[in-house]
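Chemist: My structure file model.cif, mmCIF, C-alpha atoms, is below:
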data_data
#
loop_
_atom_site.group_PDB
_atom_site.id
_atom_site.type_symbol
_atom_site.label_atom_id
_atom_site.label_comp_id
_atom_site.auth_asym_id
_atom_site.auth_seq_id
_atom_site.Cartn_x
_atom_site.Cartn_y
_atom_site.Cartn_z
ATOM 1 C CA MET X 1 -95.438 189.650 15.322
ATOM 2 C CA ASN X 2 -91.735 188.839 15.390
ATOM 3 C CA ILE X 3 -89.130 189.718 18.021
ATOM 4 C CA ARG X 4 -85.600 189.853 16.687
ATOM 5 C CA ALA X 5 -82.203 191.207 17.640
ATOM 6 C CA TYR X 6 -81.583 194.911 17.047
ATOM 7 C CA HIS X 7 -79.414 196.045 14.104
ATOM 8 C CA THR X 8 -77.869 199.503 13.717
ATOM 9 C CA SER X 9 -80.015 199.896 10.606
ATOM 10 C CA ASP X 10 -83.030 200.027 12.998
ATOM 11 C CA ASP X 11 -81.897 203.313 14.589
ATOM 12 C CA GLN X 12 -84.045 205.683 12.534
ATOM 13 C CA ALA X 13 -87.203 203.611 13.009
ATOM 14 C CA ILE X 14 -86.573 203.489 16.762
ATOM 15 C CA ILE X 15 -85.993 207.247 16.943
ATOM 16 C CA ALA X 16 -89.265 207.691 15.056
ATOM 17 C CA LEU X 17 -91.032 205.514 17.670
ATOM 18 C CA LEU X 18 -89.518 207.609 20.454
ATOM 19 C CA ARG X 19 -90.720 210.820 18.809
ATOM 20 C CA LEU X 20 -94.236 209.392 18.459
ATOM 21 C CA ASN X 21 -94.204 208.805 22.243
ATOM 22 C CA THR X 22 -92.843 212.285 23.070
ATOM 23 C CA PRO X 23 -94.011 214.124 25.157
ATOM 24 C CA ALA X 24 -96.651 211.643 26.349
ATOM 25 C CA TYR X 25 -94.139 209.114 27.729
ATOM 26 C CA PHE X 26 -90.688 210.594 27.111
ATOM 27 C CA ALA X 27 -89.249 214.056 27.582
ATOM 28 C CA PRO X 28 -87.794 215.648 24.431
ATOM 29 C CA SER X 29 -84.345 215.646 26.053
ATOM 30 C CA GLU X 30 -84.393 211.840 26.233
ATOM 31 C CA GLU X 31 -83.736 211.487 22.499
ATOM 32 C CA GLU X 32 -80.109 212.464 23.123
ATOM 33 C CA ASP X 33 -79.961 209.882 25.937
ATOM 34 C CA LEU X 34 -81.236 207.170 23.587
ATOM 35 C CA LEU X 35 -78.615 208.059 20.978
ATOM 36 C CA ASP X 36 -75.935 207.848 23.675
ATOM 37 C CA TYR X 37 -77.314 204.450 24.722
ATOM 38 C CA PHE X 38 -77.035 203.192 21.143
ATOM 39 C CA ALA X 39 -73.491 204.540 20.827
ATOM 40 C CA HIS X 40 -72.092 203.412 24.172
ATOM 41 C CA HIS X 41 -74.359 201.213 26.298
ATOM 42 C CA ILE X 42 -76.409 198.900 24.106
ATOM 43 C CA ASP X 43 -76.031 195.275 25.126
ATOM 44 C CA HIS X 44 -79.049 193.027 24.580
ATOM 45 C CA TYR X 45 -81.579 194.944 22.492
ATOM 46 C CA TYR X 46 -84.543 193.762 20.419
ATOM 47 C CA VAL X 47 -87.155 195.067 18.036
ATOM 48 C CA VAL X 48 -90.714 193.911 17.475
ATOM 49 C CA GLU X 49 -91.877 193.747 13.877
ATOM 50 C CA SER X 50 -95.411 193.470 12.611
ATOM 51 C CA ALA X 51 -96.241 193.404 8.900
ATOM 52 C CA GLY X 52 -92.620 194.375 8.158
ATOM 53 C CA ALA X 53 -92.649 197.496 10.345
ATOM 54 C CA ILE X 54 -90.976 198.055 13.690
ATOM 55 C CA VAL X 55 -93.761 198.576 16.238
ATOM 56 C CA GLY X 56 -91.721 198.230 19.412
ATOM 57 C CA CYS X 57 -88.302 197.828 20.919
ATOM 58 C CA GLY X 58 -86.551 197.277 24.211
ATOM 59 C CA GLY X 59 -83.518 195.719 25.746
ATOM 60 C CA PHE X 60 -81.626 194.914 28.884
ATOM 61 C CA ASN X 61 -78.179 195.453 30.288
ATOM 62 C CA LEU X 62 -76.191 193.671 32.951
ATOM 63 C CA THR X 63 -74.369 195.321 35.807
ATOM 64 C CA PRO X 64 -70.584 194.745 35.726
ATOM 65 C CA ASP X 65 -70.872 191.890 38.250
ATOM 66 C CA GLY X 66 -73.646 190.274 36.154
ATOM 67 C CA LYS X 67 -75.983 190.000 39.145
ATOM 68 C CA THR X 68 -78.567 192.566 38.037
ATOM 69 C CA ALA X 69 -80.311 192.628 34.658
ATOM 70 C CA LYS X 70 -81.746 196.067 33.915
ATOM 71 C CA ILE X 71 -84.681 196.422 31.522
ATOM 72 C CA SER X 72 -83.917 199.329 29.188
ATOM 73 C CA TRP X 73 -85.535 201.631 26.655
ATOM 74 C CA ASP X 74 -88.962 200.111 26.059
ATOM 75 C CA ILE X 75 -90.757 201.969 23.284
ATOM 76 C CA ILE X 76 -94.019 200.842 21.679
ATOM 77 C CA HIS X 77 -95.781 202.542 18.764
ATOM 78 C CA PRO X 78 -98.770 204.516 20.129
ATOM 79 C CA ASP X 79 -101.148 202.653 17.792
ATOM 80 C CA SER X 80 -99.969 199.397 19.399
ATOM 81 C CA HIS X 81 -100.373 200.434 23.047
ATOM 82 C CA GLY X 82 -102.690 198.101 24.936
ATOM 83 C CA LYS X 83 -102.386 195.270 22.398
ATOM 84 C CA GLY X 84 -99.981 193.081 24.392
ATOM 85 C CA ILE X 85 -96.856 193.890 22.395
ATOM 86 C CA GLY X 86 -95.069 195.461 25.360
ATOM 87 C CA SER X 87 -95.999 192.518 27.563
ATOM 88 C CA GLN X 88 -94.771 189.978 25.026
ATOM 89 C CA LEU X 89 -91.506 191.882 24.582
ATOM 90 C CA THR X 90 -91.026 192.118 28.356
ATOM 91 C CA VAL X 91 -91.691 188.397 28.868
ATOM 92 C CA PHE X 92 -89.239 187.609 26.053
ATOM 93 C CA ARG X 93 -86.510 189.726 27.654
ATOM 94 C CA ILE X 94 -87.084 188.425 31.160
ATOM 95 C CA ARG X 95 -86.770 184.876 29.853
ATOM 96 C CA GLU X 96 -83.504 185.866 28.155
ATOM 97 C CA MET X 97 -82.271 187.382 31.436
ATOM 98 C CA LEU X 98 -83.143 184.239 33.368
ATOM 99 C CA LYS X 99 -80.929 182.179 31.024
ATOM 100 C CA ILE X 100 -77.922 184.024 32.466
ATOM 101 C CA ASP X 101 -76.828 182.096 35.557
ATOM 102 C CA SER X 102 -75.279 185.081 37.337
ATOM 103 C CA VAL X 103 -78.499 187.143 37.284
ATOM 104 C CA GLU X 104 -80.122 187.476 40.710
ATOM 105 C CA ILE X 105 -82.153 190.704 40.345
ATOM 106 C CA ILE X 106 -84.391 192.047 37.562
ATOM 107 C CA SER X 107 -84.678 195.845 37.636
ATOM 108 C CA VAL X 108 -86.018 198.772 35.663
ATOM 109 C CA ARG X 109 -85.787 202.540 35.893
ATOM 110 C CA THR X 110 -89.017 203.981 34.568
ATOM 111 C CA SER X 111 -91.434 206.827 35.229
ATOM 112 C CA GLN X 112 -94.684 207.385 37.085
ATOM 113 C CA LEU X 113 -96.421 207.004 33.728
ATOM 114 C CA VAL X 114 -95.731 203.290 33.280
ATOM 115 C CA TYR X 115 -94.448 201.795 36.530
ATOM 116 C CA ILE X 116 -97.785 199.985 36.989
ATOM 117 C CA PHE X 117 -96.998 198.009 33.811
ATOM 118 C CA TYR X 118 -93.894 196.514 35.447
ATOM 119 C CA GLU X 119 -95.709 195.693 38.689
ATOM 120 C CA LYS X 120 -97.591 192.914 36.901
ATOM 121 C CA PHE X 121 -94.227 191.167 36.364
ATOM 122 C CA GLY X 122 -93.474 191.294 40.083
ATOM 123 C CA LEU X 123 -91.211 194.345 40.151
ATOM 124 C CA GLU X 124 -91.653 196.597 43.174
ATOM 125 C CA VAL X 125 -90.921 200.301 43.553
ATOM 126 C CA LYS X 126 -87.719 200.801 45.568
ATOM 127 C CA GLU X 127 -87.087 204.499 44.960
ATOM 128 C CA ILE X 128 -88.858 207.555 43.529
ATOM 129 C CA VAL X 129 -86.993 210.695 42.463
ATOM 130 C CA LYS X 130 -89.168 213.631 41.396
ATOM 131 C CA ASP X 131 -88.325 215.274 38.035
ATOM 132 C CA PHE X 132 -85.369 212.909 37.490
ATOM 133 C CA TRP X 133 -85.698 212.458 33.718
ATOM 134 C CA ALA X 134 -87.054 215.980 33.131
ATOM 135 C CA ASP X 135 -89.681 218.279 34.639
ATOM 136 C CA GLY X 136 -92.771 216.142 35.207
ATOM 137 C CA PHE X 137 -90.946 212.855 34.539
ATOM 138 C CA ASP X 138 -90.147 211.139 37.831
ATOM 139 C CA LEU X 139 -87.787 208.199 38.255
ATOM 140 C CA TYR X 140 -89.360 205.011 39.578
ATOM 141 C CA ARG X 141 -86.618 202.486 40.313
ATOM 142 C CA MET X 142 -88.110 199.004 40.553
ATOM 143 C CA GLU X 143 -86.724 195.528 41.091
ATOM 144 C CA CYS X 144 -87.399 191.988 42.194
ATOM 145 C CA ARG X 145 -85.406 188.824 42.828
ATOM 146 C CA LYS X 146 -85.359 186.526 39.791
ATOM 147 C CA GLU X 147 -87.259 183.779 41.594
ATOM 148 C CA LEU X 148 -90.136 186.208 42.227
ATOM 149 C CA VAL X 149 -90.440 187.590 38.703
ATOM 150 C CA ARG X 150 -93.703 186.689 36.963
ATOM 151 C CA VAL X 151 -93.607 185.655 33.303
#
Turn the structure described in the file into structure tokens.

Modeler:
Amino acid sequence: MNIRAYHTSDDQAIIALLRLNTPAYFAPSEEEDLLDYFAHHIDHYYVVESAGAIVGCGGFNLTPDGKTAKISWDIIHPDSHGKGIGSQLTVFRIREMLKIDSVEIISVRTSQLVYIFYEKFGLEVKEIVKDFWADGFDLYRMECRKELVRV
């Protein structure tokens, strides 16, 4: 397994991963949101390769003041769920976030389907908004102070 920086040439493979996880983990309408993220909001983004294929991806963004690092767009191939790839990618990104002196808070906006995954890194639910992403896909906003994050 290799984690490397994202390249625009990865877009189609990432969209394919998203589609493989729709509708189990993502609403169909989120594909347009991901394309917008790639076009306008991508900052620190990474892909996970195994045997030459992209099996996962995820990134993070900083708020304008640099104090909050926001985990963004985690997608893991369904055949790789439960094999530690998401955990390794999350640890990698948190360590990258912690290298940035201005970062004080680690946060993520996720759903009721996977918020428990982020709890093991020390993030706590701060807000829940029903049907935020789409019908049946609630927003779980989570965060923790950098000194409390578990990696």

Chemist: Quick one: apply the PyMOL selection byres ((chain X and resi 14) around 12) to the file and drop the selected residues here as JSON, numbers by chain.

Modeler: {"X": [6, 7, 8, 9, 10, 11, 12, 13, 15, 16, 17, 18, 19, 20, 21, 31, 34, 35, 38, 45, 46, 47, 48, 49, 53, 54, 55, 56, 57, 58, 73, 74, 75, 76, 77]}

Chemist: Please measure the separation of atom CA of Ile128 of chain X and atom CA of Phe92 of chain X, giving the value in Å to one decimal.

Modeler: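 Atom-to-atom, atom CA of Ile128 of chain X to atom CA of Phe92 of chain X, that is 26.5 Å.
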
Chemist: Which residues match the PyMOL selection byres ((chain X and resi 68) around 7) in the file above, as number ranges by chain?

Modeler: X: 62-63, 66-67, 69-70, 103-107

Chemist: What do you get, as a count of residues only, if you spell out every residue that the PyMOL selection byres ((chain X and resi 94) around 12) selects here?

Modeler: 41

Chemist: So how far away is atom CA of Lys130 of chain X from atom CA of Gln112 of chain X, in Å?

Modeler: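 The value is 9.4 Å.
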
Chemist: Could you check the closest approach to Arg109 of chain X for each of X:Gly86, X:Arg141, X:Ala134, X:Ala27 and tell me which residue wins, using only C-alpha atoms?

Modeler: X:Arg141

Chemist: Thr110 of chain X: which residues within 7 Å, counting only C-alpha atoms, same-chain residues fewer than 3 positions away excluded, as a list in words?

Modeler: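 The filter keeps Val114, Tyr115, Leu139, Tyr140 and Arg141 of chain X.
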
Chemist: From the list X:Lys83, X:Glu119, X:Ser111, X:Pro64, which residue is nearest Asp135 of chain X when using all atoms listed in the file?

Modeler: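 Using all atoms listed in the file, Asp135 of chain X sits closest to X:Ser111.
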
Chemist: What does the distance from atom CA of Asn2 of chain X to atom CA of Leu113 of chain X come to in Å, to one decimal?

Modeler: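 Straight-line distance from atom CA of Asn2 of chain X to atom CA of Leu113 of chain X works out to 26.2 Å.
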
Chemist: Would you kindly identify which residues have an atom no farther than 6 Å from (-88.8, 198.4, 43.1), using all atoms listed in the file and the file's own coordinates, and write them out as a list in words?

Modeler: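 With a cut-off of 6 Å, the residues come to Leu123, Glu124, Val125, Lys126, Arg141, Met142 and Glu143 of chain X.
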
Chemist: Which one of X:Asp65, X:Ser50, X:Gly84, X:Ser102 sits closest to Arg4 of chain X if you count only C-alpha atoms?

Modeler: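 Ranking X:Asp65, X:Ser50, X:Gly84, X:Ser102 by distance to Arg4 of chain X, first place goes to X:Ser50.
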
Chemist: Edge lengths and centre, in Å to one decimal, as lines of an AutoDock Vina configuration file: that's what I need for the box along x, y and z that holds all listed atoms of segment 58-77 of chain X plus 8 Å on each side.

Modeler:
center_x = -83.2
center_y = 196.3
center_z = 29.0
size_x = 41.2
size_y = 28.5
size_z = 36.4
